[in-house]
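The next block is entry.tsv, given as TSV, C-alpha atoms (C1' of nucleotides) and all ligand atoms.
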chain	number	residue	atom	x	y	z
A	15	MET	CA	17.30	17.50	-17.89
A	16	LEU	CA	18.28	14.87	-15.40
A	17	ARG	CA	21.40	15.58	-13.44
A	18	LEU	CA	23.39	12.61	-12.31
A	19	THR	CA	24.44	14.12	-9.00
A	20	THR	CA	26.70	12.58	-6.43
A	21	GLN	CA	23.71	11.35	-4.47
A	22	ARG	CA	21.98	9.84	-7.47
A	23	GLN	CA	25.18	8.24	-8.62
A	24	ALA	CA	25.59	6.68	-5.20
A	25	ILE	CA	22.07	5.26	-5.35
A	26	LEU	CA	22.57	4.00	-8.87
A	27	ASP	CA	25.89	2.37	-8.05
A	28	LEU	CA	24.45	0.70	-5.00
A	29	ILE	CA	21.64	-0.83	-6.97
A	30	ASN	CA	23.64	-1.71	-10.05
A	31	GLN	CA	26.33	-3.43	-8.04
A	32	SER	CA	23.84	-5.70	-6.37
A	33	ASN	CA	21.37	-8.28	-7.41
A	34	ARG	CA	18.73	-7.57	-4.85
A	35	HIS	CA	15.61	-5.49	-4.45
A	36	TRP	CA	15.87	-2.32	-2.40
A	37	ASP	CA	13.23	-0.21	-0.77
A	38	ALA	CA	13.93	3.43	0.06
A	39	ASP	CA	14.91	2.62	3.59
A	40	ASP	CA	17.29	-0.16	2.55
A	41	VAL	CA	19.04	2.35	0.33
A	42	ALA	CA	19.21	4.95	3.10
A	43	ARG	CA	20.74	2.52	5.56
A	44	ALA	CA	23.25	1.17	3.06
A	45	LEU	CA	24.41	4.62	2.02
A	46	LEU	CA	24.71	5.86	5.58
A	47	ASP	CA	26.70	2.75	6.45
A	48	THR	CA	29.17	3.53	3.69
A	49	GLY	CA	29.69	7.04	4.91
A	50	HIS	CA	27.38	8.86	2.53
A	51	SER	CA	25.24	11.66	3.84
A	52	ILE	CA	21.97	11.81	2.01
A	53	GLY	CA	18.49	12.87	3.02
A	54	ILE	CA	15.64	10.42	2.82
A	55	ALA	CA	13.67	12.77	0.58
A	56	THR	CA	16.56	12.86	-1.83
A	57	ILE	CA	16.56	9.09	-1.93
A	58	TYR	CA	12.89	8.96	-2.82
A	59	ARG	CA	13.34	11.61	-5.48
A	60	GLY	CA	16.50	9.98	-6.77
A	61	LEU	CA	14.89	6.58	-7.08
A	62	ALA	CA	11.94	8.04	-8.94
A	63	ALA	CA	14.18	10.08	-11.23
A	64	LEU	CA	16.43	7.14	-12.02
A	65	GLU	CA	13.46	4.98	-12.81
A	66	ALA	CA	11.96	7.66	-15.03
A	67	GLN	CA	15.20	7.53	-17.03
A	68	GLY	CA	14.99	3.78	-17.27
A	69	LEU	CA	18.20	3.38	-15.28
A	70	ILE	CA	16.53	1.24	-12.64
A	71	GLU	CA	13.20	-0.54	-12.32
A	72	SER	CA	10.75	-1.12	-9.54
A	73	VAL	CA	8.08	-3.45	-8.22
A	74	GLN	CA	5.37	-2.64	-5.75
A	75	LEU	CA	5.33	-5.36	-3.12
A	76	GLY	CA	2.79	-4.89	-0.38
A	77	ASP	CA	2.99	-1.28	0.69
A	78	LYS	CA	6.59	-0.77	-0.33
A	79	ARG	CA	8.18	-0.05	-3.65
A	80	HIS	CA	11.30	-2.05	-4.34
A	81	TYR	CA	13.97	-1.04	-6.82
A	82	GLU	CA	16.36	-3.19	-8.78
A	83	ARG	CA	18.75	-3.09	-11.71
A	84	ALA	CA	17.21	-2.42	-15.09
A	85	ASP	CA	19.64	-4.50	-17.11
A	86	LYS	CA	17.74	-7.69	-16.58
A	87	ALA	CA	15.19	-9.27	-18.87
A	88	HIS	CA	11.58	-8.96	-17.85
A	89	HIS	CA	10.65	-11.22	-15.00
A	90	ASP	CA	8.16	-11.57	-12.19
A	91	HIS	CA	8.63	-12.25	-8.51
A	92	MET	CA	8.11	-14.89	-5.88
A	93	VAL	CA	8.10	-13.53	-2.35
A	94	CYS	CA	8.79	-15.72	0.67
A	95	THR	CA	6.22	-14.83	3.28
A	96	ARG	CA	8.52	-16.09	6.00
A	97	CYS	CA	11.96	-14.59	5.42
A	98	GLY	CA	10.97	-11.92	2.95
A	99	ASN	CA	13.33	-13.13	0.29
A	100	ILE	CA	12.44	-12.09	-3.24
A	101	ASP	CA	13.24	-14.52	-6.03
A	102	GLU	CA	12.62	-14.09	-9.71
A	103	PHE	CA	11.26	-16.14	-12.53
A	104	ALA	CA	10.43	-15.62	-16.17
A	105	HIS	CA	7.84	-17.57	-18.07
A	106	PRO	CA	7.29	-16.55	-21.70
A	107	THR	CA	4.23	-18.74	-22.05
A	108	ILE	CA	2.52	-17.05	-19.13
A	109	GLU	CA	3.27	-13.70	-20.69
A	110	ALA	CA	1.83	-14.81	-24.00
A	111	LEU	CA	-1.31	-16.15	-22.36
A	112	GLN	CA	-1.75	-12.86	-20.57
A	113	ARG	CA	-1.68	-11.05	-23.86
A	114	ALA	CA	-4.22	-13.50	-25.19
A	115	ALA	CA	-6.49	-13.02	-22.18
A	116	ALA	CA	-6.28	-9.26	-22.60
A	117	ALA	CA	-7.00	-9.42	-26.31
A	118	GLU	CA	-10.02	-11.56	-25.67
A	119	LYS	CA	-11.50	-8.82	-23.50
A	120	HIS	CA	-10.43	-6.07	-25.90
A	121	PHE	CA	-8.19	-4.75	-23.16
A	122	ARG	CA	-5.15	-2.79	-24.32
A	123	LEU	CA	-2.49	-4.27	-22.08
A	124	THR	CA	0.26	-1.89	-21.05
A	125	GLY	CA	1.72	-3.66	-18.07
A	126	HIS	CA	1.21	-6.35	-15.54
A	127	GLN	CA	2.42	-7.59	-12.24
A	128	LEU	CA	2.54	-11.18	-11.18
A	129	VAL	CA	3.61	-11.96	-7.65
A	130	MET	CA	3.64	-15.44	-6.19
A	131	PHE	CA	3.59	-15.83	-2.42
A	132	GLY	CA	4.79	-18.81	-0.48
A	133	LEU	CA	7.82	-20.33	1.17
A	134	CYS	CA	11.23	-20.30	-0.42
A	135	ALA	CA	13.07	-23.60	-0.58
A	136	ARG	CA	15.08	-22.81	2.52
A	137	CYS	CA	12.17	-21.75	4.70
A	138	ASP	CA	10.07	-24.63	3.46
A	139	THR	CA	12.68	-27.20	4.49
A	140	GLN	CA	13.42	-25.76	7.93
A	141	GLY	CA	10.65	-24.39	10.11
A	142	GLY	CA	7.41	-26.12	9.34
A	143	ALA	CA	5.44	-25.18	12.46
A	144	THR	CA	5.67	-22.19	14.77
B	7	MET	CA	-16.47	-16.08	18.00
B	8	LEU	CA	-17.49	-13.77	15.21
B	9	ARG	CA	-20.64	-11.78	15.79
B	10	LEU	CA	-22.61	-10.82	12.74
B	11	THR	CA	-23.66	-7.43	14.04
B	12	THR	CA	-25.94	-4.95	12.30
B	13	GLN	CA	-22.94	-3.10	10.95
B	14	ARG	CA	-21.21	-6.19	9.64
B	15	GLN	CA	-24.42	-7.46	8.13
B	16	ALA	CA	-24.81	-4.16	6.33
B	17	ILE	CA	-21.28	-4.40	4.94
B	18	LEU	CA	-21.79	-7.99	3.91
B	19	ASP	CA	-25.11	-7.29	2.21
B	20	LEU	CA	-23.68	-4.35	0.36
B	21	ILE	CA	-20.86	-6.42	-1.05
B	22	ASN	CA	-22.87	-9.55	-1.71
B	23	GLN	CA	-25.56	-7.68	-3.57
B	24	SER	CA	-23.08	-6.16	-5.94
B	25	ASN	CA	-20.59	-7.36	-8.46
B	26	ARG	CA	-17.96	-4.76	-7.93
B	27	HIS	CA	-14.84	-4.19	-5.87
B	28	TRP	CA	-15.11	-1.94	-2.86
B	29	ASP	CA	-12.46	-0.16	-0.86
B	30	ALA	CA	-13.16	0.90	2.72
B	31	ASP	CA	-14.15	4.37	1.68
B	32	ASP	CA	-16.54	3.14	-1.01
B	33	VAL	CA	-18.27	1.07	1.65
B	34	ALA	CA	-18.44	4.01	4.03
B	35	ARG	CA	-19.99	6.30	1.46
B	36	ALA	CA	-22.49	3.71	0.27
B	37	LEU	CA	-23.64	2.91	3.79
B	38	LEU	CA	-23.96	6.53	4.76
B	39	ASP	CA	-25.97	7.17	1.60
B	40	THR	CA	-28.42	4.46	2.57
B	41	GLY	CA	-28.93	5.94	5.99
B	42	HIS	CA	-26.61	3.68	7.95
B	43	SER	CA	-24.48	5.20	10.65
B	44	ILE	CA	-21.20	3.36	10.94
B	45	GLY	CA	-17.73	4.47	11.95
B	46	ILE	CA	-14.87	4.11	9.52
B	47	ALA	CA	-12.90	2.05	12.01
B	48	THR	CA	-15.78	-0.36	12.26
B	49	ILE	CA	-15.79	-0.71	8.51
B	50	TYR	CA	-12.12	-1.60	8.43
B	51	ARG	CA	-12.57	-4.09	11.25
B	52	GLY	CA	-15.72	-5.48	9.72
B	53	LEU	CA	-14.11	-6.02	6.35
B	54	ALA	CA	-11.15	-7.76	7.95
B	55	ALA	CA	-13.39	-9.92	10.12
B	56	LEU	CA	-15.64	-10.90	7.24
B	57	GLU	CA	-12.66	-11.82	5.13
B	58	ALA	CA	-11.15	-13.86	7.95
B	59	GLN	CA	-14.37	-15.87	7.98
B	60	GLY	CA	-14.19	-16.37	4.25
B	61	LEU	CA	-17.39	-14.41	3.71
B	62	ILE	CA	-15.73	-11.92	1.39
B	63	GLU	CA	-12.42	-11.71	-0.43
B	64	SER	CA	-9.97	-8.97	-1.18
B	65	VAL	CA	-7.32	-7.82	-3.60
B	66	GLN	CA	-4.62	-5.28	-3.00
B	67	LEU	CA	-4.61	-2.86	-5.91
B	68	GLY	CA	-2.07	-0.09	-5.66
B	69	ASP	CA	-2.23	1.23	-2.13
B	70	LYS	CA	-5.82	0.25	-1.50
B	71	ARG	CA	-7.41	-3.01	-0.54
B	72	HIS	CA	-10.53	-3.85	-2.47
B	73	TYR	CA	-13.18	-6.27	-1.28
B	74	GLU	CA	-15.58	-8.38	-3.30
B	75	ARG	CA	-17.98	-11.29	-2.99
B	76	ALA	CA	-16.42	-14.62	-2.08
B	77	ASP	CA	-18.83	-16.78	-4.05
B	78	LYS	CA	-16.93	-16.46	-7.27
B	79	ALA	CA	-14.39	-18.83	-8.69
B	80	HIS	CA	-10.76	-17.79	-8.45
B	81	HIS	CA	-9.87	-15.09	-10.91
B	82	ASP	CA	-7.39	-12.30	-11.45
B	83	HIS	CA	-7.87	-8.67	-12.39
B	84	MET	CA	-7.36	-6.23	-15.20
B	85	VAL	CA	-7.37	-2.61	-14.09
B	86	CYS	CA	-8.08	0.23	-16.46
B	87	THR	CA	-5.53	2.92	-15.76
B	88	ARG	CA	-7.85	5.55	-17.21
B	89	CYS	CA	-11.27	5.03	-15.68
B	90	GLY	CA	-10.27	2.75	-12.84
B	91	ASN	CA	-12.62	0.01	-13.87
B	92	ILE	CA	-11.72	-3.43	-12.60
B	93	ASP	CA	-12.50	-6.37	-14.82
B	94	GLU	CA	-11.86	-10.02	-14.12
B	95	PHE	CA	-10.49	-12.97	-15.97
B	96	ALA	CA	-9.64	-16.56	-15.23
B	97	HIS	CA	-7.02	-18.58	-17.04
B	98	PRO	CA	-6.47	-22.13	-15.78
B	99	THR	CA	-3.41	-22.62	-17.94
B	100	ILE	CA	-1.71	-19.58	-16.46
B	101	GLU	CA	-2.46	-20.92	-13.00
B	102	ALA	CA	-1.00	-24.30	-13.90
B	103	LEU	CA	2.13	-22.73	-15.32
B	104	GLN	CA	2.56	-20.71	-12.16
B	105	ARG	CA	2.49	-23.88	-10.12
B	106	ALA	CA	5.05	-25.37	-12.48
B	107	ALA	CA	7.31	-22.32	-12.19
B	108	ALA	CA	7.08	-22.48	-8.41
B	109	ALA	CA	7.81	-26.19	-8.32
B	110	GLU	CA	10.86	-25.69	-10.47
B	111	LYS	CA	12.31	-23.32	-7.88
B	112	HIS	CA	11.23	-25.53	-4.97
B	113	PHE	CA	8.97	-22.72	-3.87
B	114	ARG	CA	5.91	-23.75	-1.85
B	115	LEU	CA	3.25	-21.64	-3.50
B	116	THR	CA	0.49	-20.47	-1.19
B	117	GLY	CA	-0.98	-17.63	-3.16
B	118	HIS	CA	-0.46	-15.27	-6.03
B	119	GLN	CA	-1.69	-12.07	-7.49
B	120	LEU	CA	-1.79	-11.25	-11.13
B	121	VAL	CA	-2.87	-7.78	-12.14
B	122	MET	CA	-2.88	-6.57	-15.70
B	123	PHE	CA	-2.87	-2.82	-16.35
B	124	GLY	CA	-4.06	-1.08	-19.47
B	125	LEU	CA	-7.10	0.44	-21.10
B	126	CYS	CA	-10.49	-1.17	-20.97
B	127	ALA	CA	-12.32	-1.56	-24.27
B	128	ARG	CA	-14.34	1.57	-23.72
B	129	CYS	CA	-11.45	3.83	-22.76
B	130	ASP	CA	-9.34	2.42	-25.56
B	131	THR	CA	-11.95	3.23	-28.18
B	132	GLN	CA	-12.72	6.74	-26.99
B	133	GLY	CA	-10.03	9.08	-25.78
B	134	GLY	CA	-6.75	8.25	-27.39
B	135	ALA	CA	-4.90	11.44	-26.51
B	136	THR	CA	-5.32	13.91	-23.67
C	4	DC	C1'	-33.64	-10.12	36.70
C	5	DT	C1'	-28.51	-8.73	38.06
C	6	DT	C1'	-23.91	-9.96	36.97
C	7	DG	C1'	-19.59	-10.60	34.57
C	8	DA	C1'	-17.10	-11.86	30.72
C	9	DT	C1'	-16.32	-10.93	26.11
C	10	DA	C1'	-16.95	-8.84	21.60
C	11	DG	C1'	-17.99	-4.78	19.07
C	12	DT	C1'	-18.32	0.19	18.26
C	13	DG	C1'	-16.82	4.89	17.29
C	14	DA	C1'	-14.02	8.88	17.96
C	15	DT	C1'	-9.59	9.85	17.59
C	16	DA	C1'	-4.55	9.26	17.90
C	17	DA	C1'	-0.83	6.87	15.88
C	18	DT	C1'	1.76	4.58	12.10
C	19	DG	C1'	4.41	4.17	8.07
C	20	DA	C1'	5.46	4.92	3.39
C	21	DT	C1'	5.55	8.43	0.30
C	22	DT	C1'	5.01	13.47	-1.33
C	23	DA	C1'	4.92	18.28	-0.89
C	24	DT	C1'	7.07	22.64	0.83
C	25	DC	C1'	10.48	25.82	1.04
C	26	DA	C1'	14.66	27.95	1.99
C	27	DT	C1'	19.23	27.04	0.56
C	28	DT	C1'	22.87	25.34	-2.48
C	29	DC	C1'	24.63	23.63	-6.87
C	30	DC	C1'	25.32	23.90	-11.95
C	31	DT	C1'	25.33	25.51	-16.38
C	32	DG	C1'	25.12	28.31	-20.21
C	33	DA	C1'	25.15	33.09	-21.82
D	11	DT	C1'	30.21	36.78	-13.39
D	12	DC	C1'	25.40	35.92	-13.13
D	13	DA	C1'	20.58	34.49	-13.63
D	14	DG	C1'	17.63	30.69	-13.56
D	15	DG	C1'	16.71	26.05	-13.37
D	16	DA	C1'	17.61	21.76	-10.85
D	17	DA	C1'	18.67	19.41	-6.63
D	18	DT	C1'	19.02	18.93	-1.71
D	19	DG	C1'	17.59	18.28	3.05
D	20	DA	C1'	14.81	19.22	6.95
D	21	DT	C1'	10.37	18.97	7.94
D	22	DA	C1'	5.33	19.18	7.38
D	23	DA	C1'	1.62	17.03	5.09
D	24	DT	C1'	-0.97	12.96	2.97
D	25	DC	C1'	-3.45	8.93	3.03
D	26	DA	C1'	-4.74	4.31	3.95
D	27	DT	C1'	-4.78	1.52	7.63
D	28	DT	C1'	-4.23	0.24	12.85
D	29	DA	C1'	-4.16	0.95	17.54
D	30	DT	C1'	-6.27	2.98	21.77
D	31	DC	C1'	-9.67	3.54	24.87
D	32	DA	C1'	-13.91	4.48	26.89
D	33	DC	C1'	-18.31	2.92	26.29
D	34	DT	C1'	-22.14	-0.29	24.73
D	35	DA	C1'	-24.27	-4.65	23.25
D	36	DT	C1'	-24.70	-9.63	23.82
D	37	DC	C1'	-24.99	-13.76	26.17
D	38	DA	C1'	-24.44	-17.31	29.56
D	39	DA	C1'	-24.89	-18.23	34.08
D	40	DG	C1'	-26.33	-17.61	38.99
E	201	MN	MN	13.31	-8.49	-9.80
E	202	MN	MN	-12.54	-9.72	-8.52
E	203	ZN	ZN	12.13	-17.75	2.92
E	204	ZN	ZN	-11.45	2.33	-18.65
Just give me the structure of the file as structure tokens.
Amino acid sequence: MLRLTTQRQAILDLINQSNRHWDADDVARALLDTGHSIGIATIYRGLAALEAQGLIESVQLGDKRHYERADKAHHDHMVCTRCGNIDEFAHPTIEALQRAAAAEKHFRLTGHQLVMFGLCARCDTQGGAT
Amino acid sequence: MLRLTTQRQAILDLINQSNRHWDADDVARALLDTGHSIGIATIYRGLAALEAQGLIESVQLGDKRHYERADKAHHDHMVCTRCGNIDEFAHPTIEALQRAAAAEKHFRLTGHQLVMFGLCARCDTQGGAT
DNA sequence: CTTGATAGTGATAATGATTATCATTCCTGA
DNA sequence: TCAGGAATGATAATCATTATCACTATCAAG
């Protein structure tokens, strides 16, 4: 049975009280900054345990796994390749077409991941060249 | 300037004469099996160099980068979580809707990656349970 | 044909995110 | 109170990929 320990509660609170996407290191830094003492291994285990319980969700972006609140409707992500910002979008029609594409190939779809890369509005406006 | 050395030619031939997706280790094993002697570092560099020239393309699947021929039209991937098989599909409407979703958020789209996970037709038919 | 500059190779060390170990501590239910 | 499972934290281990570095291949002069 999953124990909601002090450490796990701290991780969960941190994530639930925000609207962003956190990797393990983000969480570690934030908790240390707020006076918590928690080992990095515990953070990894805590994140995995919380996700297994459906209390948080995650996306694999590049080589890092990012965690976010689970109380949001399904959505996909747009990642700014300049500032790293992660925005979200939902598109029911795209989802439906995915199911159709899977069905057409007799593929039993269990999950998907759609990531769009590019420049967020802010980065696009500002720095064009290097 | 890019030199198409013996090693790089071997990598390129291997990939071009196949229809599958190769990670660095796949390439290493295949080349060793056919009598080639090539260091793993050279394979990584060769794959990167060939991709930079547009001679091959790659997809990041999980924690591994997979390379494939570049002479195919754009497509996305469906990965069987049981046997690891990677199938492909193209869906122009999904692509168009992605551009629309990006435009709506004033996001300058430069690339995307759509991966569907599930069971391929064969795995779905056969083993249901473990 | 010698150079010299530059690119490429291969063995191996280093990196960086994540997992595994393991001794220790915390909880919980009998 | 106590035994056993669950969790923690420090640290070692993994694993794909990169970086180093000494050495070799290529090529364009001179
Ligand atoms: Mn999100
Ligand atoms: Mn492909
Ligand atoms: Zn940005
Ligand atoms: Zn399969």
query = Can I get the residues close to ligand MN 202 (chain E) as a ChimeraX atom specification, where close means within 9 Å and we count all atoms listed in the file?
reply = /B:25-27,63-65,72-76,78,80-83,92-95
query = Within 12 Å of chain C, which residues of chain B show up when using all atoms listed in the file, listed as JSON, numbers by chain?
reply = {"B": [7, 8, 9, 10, 11, 12, 13, 14, 43, 44, 45, 46, 47, 48, 49, 50, 51, 52, 55, 69]}
Generate a file of the selected residues that holds C-alpha atoms, formatted as a PDB file, in the coordinates of the input.
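Wrote it out as result_6.pdb, contents follow:
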ATOM      1  CA  MET B   7     -16.470 -16.080  18.000  1.00  0.00           C
ATOM      2  CA  LEU B   8     -17.490 -13.770  15.210  1.00  0.00           C
ATOM      3  CA  ARG B   9     -20.640 -11.780  15.790  1.00  0.00           C
ATOM      4  CA  LEU B  10     -22.610 -10.820  12.740  1.00  0.00           C
ATOM      5  CA  THR B  11     -23.660  -7.430  14.040  1.00  0.00           C
ATOM      6  CA  THR B  12     -25.940  -4.950  12.300  1.00  0.00           C
ATOM      7  CA  GLN B  13     -22.940  -3.100  10.950  1.00  0.00           C
ATOM      8  CA  ARG B  14     -21.210  -6.190   9.640  1.00  0.00           C
ATOM      9  CA  SER B  43     -24.480   5.200  10.650  1.00  0.00           C
ATOM     10  CA  ILE B  44     -21.200   3.360  10.940  1.00  0.00           C
ATOM     11  CA  GLY B  45     -17.730   4.470  11.950  1.00  0.00           C
ATOM     12  CA  ILE B  46     -14.870   4.110   9.520  1.00  0.00           C
ATOM     13  CA  ALA B  47     -12.900   2.050  12.010  1.00  0.00           C
ATOM     14  CA  THR B  48     -15.780  -0.360  12.260  1.00  0.00           C
ATOM     15  CA  ILE B  49     -15.790  -0.710   8.510  1.00  0.00           C
ATOM     16  CA  TYR B  50     -12.120  -1.600   8.430  1.00  0.00           C
ATOM     17  CA  ARG B  51     -12.570  -4.090  11.250  1.00  0.00           C
ATOM     18  CA  GLY B  52     -15.720  -5.480   9.720  1.00  0.00           C
ATOM     19  CA  ALA B  55     -13.390  -9.920  10.120  1.00  0.00           C
ATOM     20  CA  ASP B  69      -2.230   1.230  -2.130  1.00  0.00           C
TER      21      ASP B  69
END
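You will find CA of Ser32 in chain A at 15.9 Å from CA of Leu64 in chain A.
Taking atom MN of ligand MN 201 (chain E) and CA of Arg43 in chain A as endpoints, the distance between them is 20.3 Å.
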At a cut-off of 12 Å, can you tabulate as CSV every residue of chain B near ligand ZN 203 (chain E) together with its closest atom pair and the distance in Å to one decimal, using only C-alpha atoms and all ligand atoms and ordering rows by chain then number?
residue,atom,partner,partner_atom,distance
B:His112,CA,E:ZN203,ZN,11.1
B:Phe113,CA,E:ZN203,ZN,9.0
B:Arg114,CA,E:ZN203,ZN,9.9
B:Leu115,CA,E:ZN203,ZN,11.6
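C1' of DA29 in chain D lies 24.5 Å from CA of Arg79 in chain A.
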Is there a way to complete range 73-87 of chain B with N, CA, C and O atoms and then write that out as a compact mmCIF listing (two decimals), in the coordinates of the input?
# COMPACT_ATOMS: atom_id res chain seq x y z
N TYR B 73 -12.45 -5.08 -1.68
CA TYR B 73 -13.18 -6.27 -1.28
C TYR B 73 -14.28 -6.61 -2.28
O TYR B 73 -14.88 -5.73 -2.90
N GLU B 74 -14.56 -7.91 -2.36
CA GLU B 74 -15.58 -8.38 -3.30
C GLU B 74 -16.21 -9.65 -2.76
O GLU B 74 -15.76 -10.21 -1.76
N ARG B 75 -17.27 -10.08 -3.41
CA ARG B 75 -17.98 -11.29 -2.99
C ARG B 75 -17.03 -12.50 -3.02
O ARG B 75 -16.10 -12.56 -3.81
N ALA B 76 -17.29 -13.45 -2.16
CA ALA B 76 -16.42 -14.62 -2.08
C ALA B 76 -16.98 -15.79 -2.88
O ALA B 76 -16.31 -16.80 -3.06
N ASP B 77 -18.20 -15.65 -3.37
CA ASP B 77 -18.83 -16.78 -4.05
C ASP B 77 -18.53 -16.81 -5.55
O ASP B 77 -19.36 -17.17 -6.36
N LYS B 78 -17.33 -16.40 -5.86
CA LYS B 78 -16.93 -16.46 -7.27
C LYS B 78 -15.72 -17.37 -7.36
O LYS B 78 -14.96 -17.50 -6.41
N ALA B 79 -15.55 -17.97 -8.51
CA ALA B 79 -14.39 -18.83 -8.69
C ALA B 79 -13.15 -17.95 -8.71
O ALA B 79 -13.23 -16.75 -8.96
N HIS B 80 -12.00 -18.57 -8.45
CA HIS B 80 -10.76 -17.79 -8.45
C HIS B 80 -10.57 -17.08 -9.79
O HIS B 80 -10.84 -17.63 -10.84
N HIS B 81 -10.10 -15.86 -9.70
CA HIS B 81 -9.87 -15.09 -10.91
C HIS B 81 -8.82 -14.02 -10.61
O HIS B 81 -8.51 -13.76 -9.45
N ASP B 82 -8.31 -13.42 -11.65
CA ASP B 82 -7.39 -12.30 -11.45
C ASP B 82 -8.01 -11.06 -12.07
O ASP B 82 -9.14 -11.12 -12.56
N HIS B 83 -7.25 -9.95 -12.03
CA HIS B 83 -7.87 -8.67 -12.39
C HIS B 83 -7.14 -7.88 -13.46
O HIS B 83 -5.92 -7.94 -13.56
N MET B 84 -7.92 -7.16 -14.25
CA MET B 84 -7.36 -6.23 -15.20
C MET B 84 -7.91 -4.85 -14.85
O MET B 84 -9.12 -4.63 -14.83
N VAL B 85 -6.99 -3.94 -14.57
CA VAL B 85 -7.37 -2.61 -14.09
C VAL B 85 -7.15 -1.57 -15.17
O VAL B 85 -6.05 -1.45 -15.71
N CYS B 86 -8.20 -0.84 -15.47
CA CYS B 86 -8.08 0.23 -16.46
C CYS B 86 -7.42 1.43 -15.80
O CYS B 86 -7.90 1.95 -14.80
N THR B 87 -6.29 1.84 -16.36
CA THR B 87 -5.53 2.92 -15.76
C THR B 87 -6.14 4.28 -16.07
O THR B 87 -5.64 5.31 -15.63
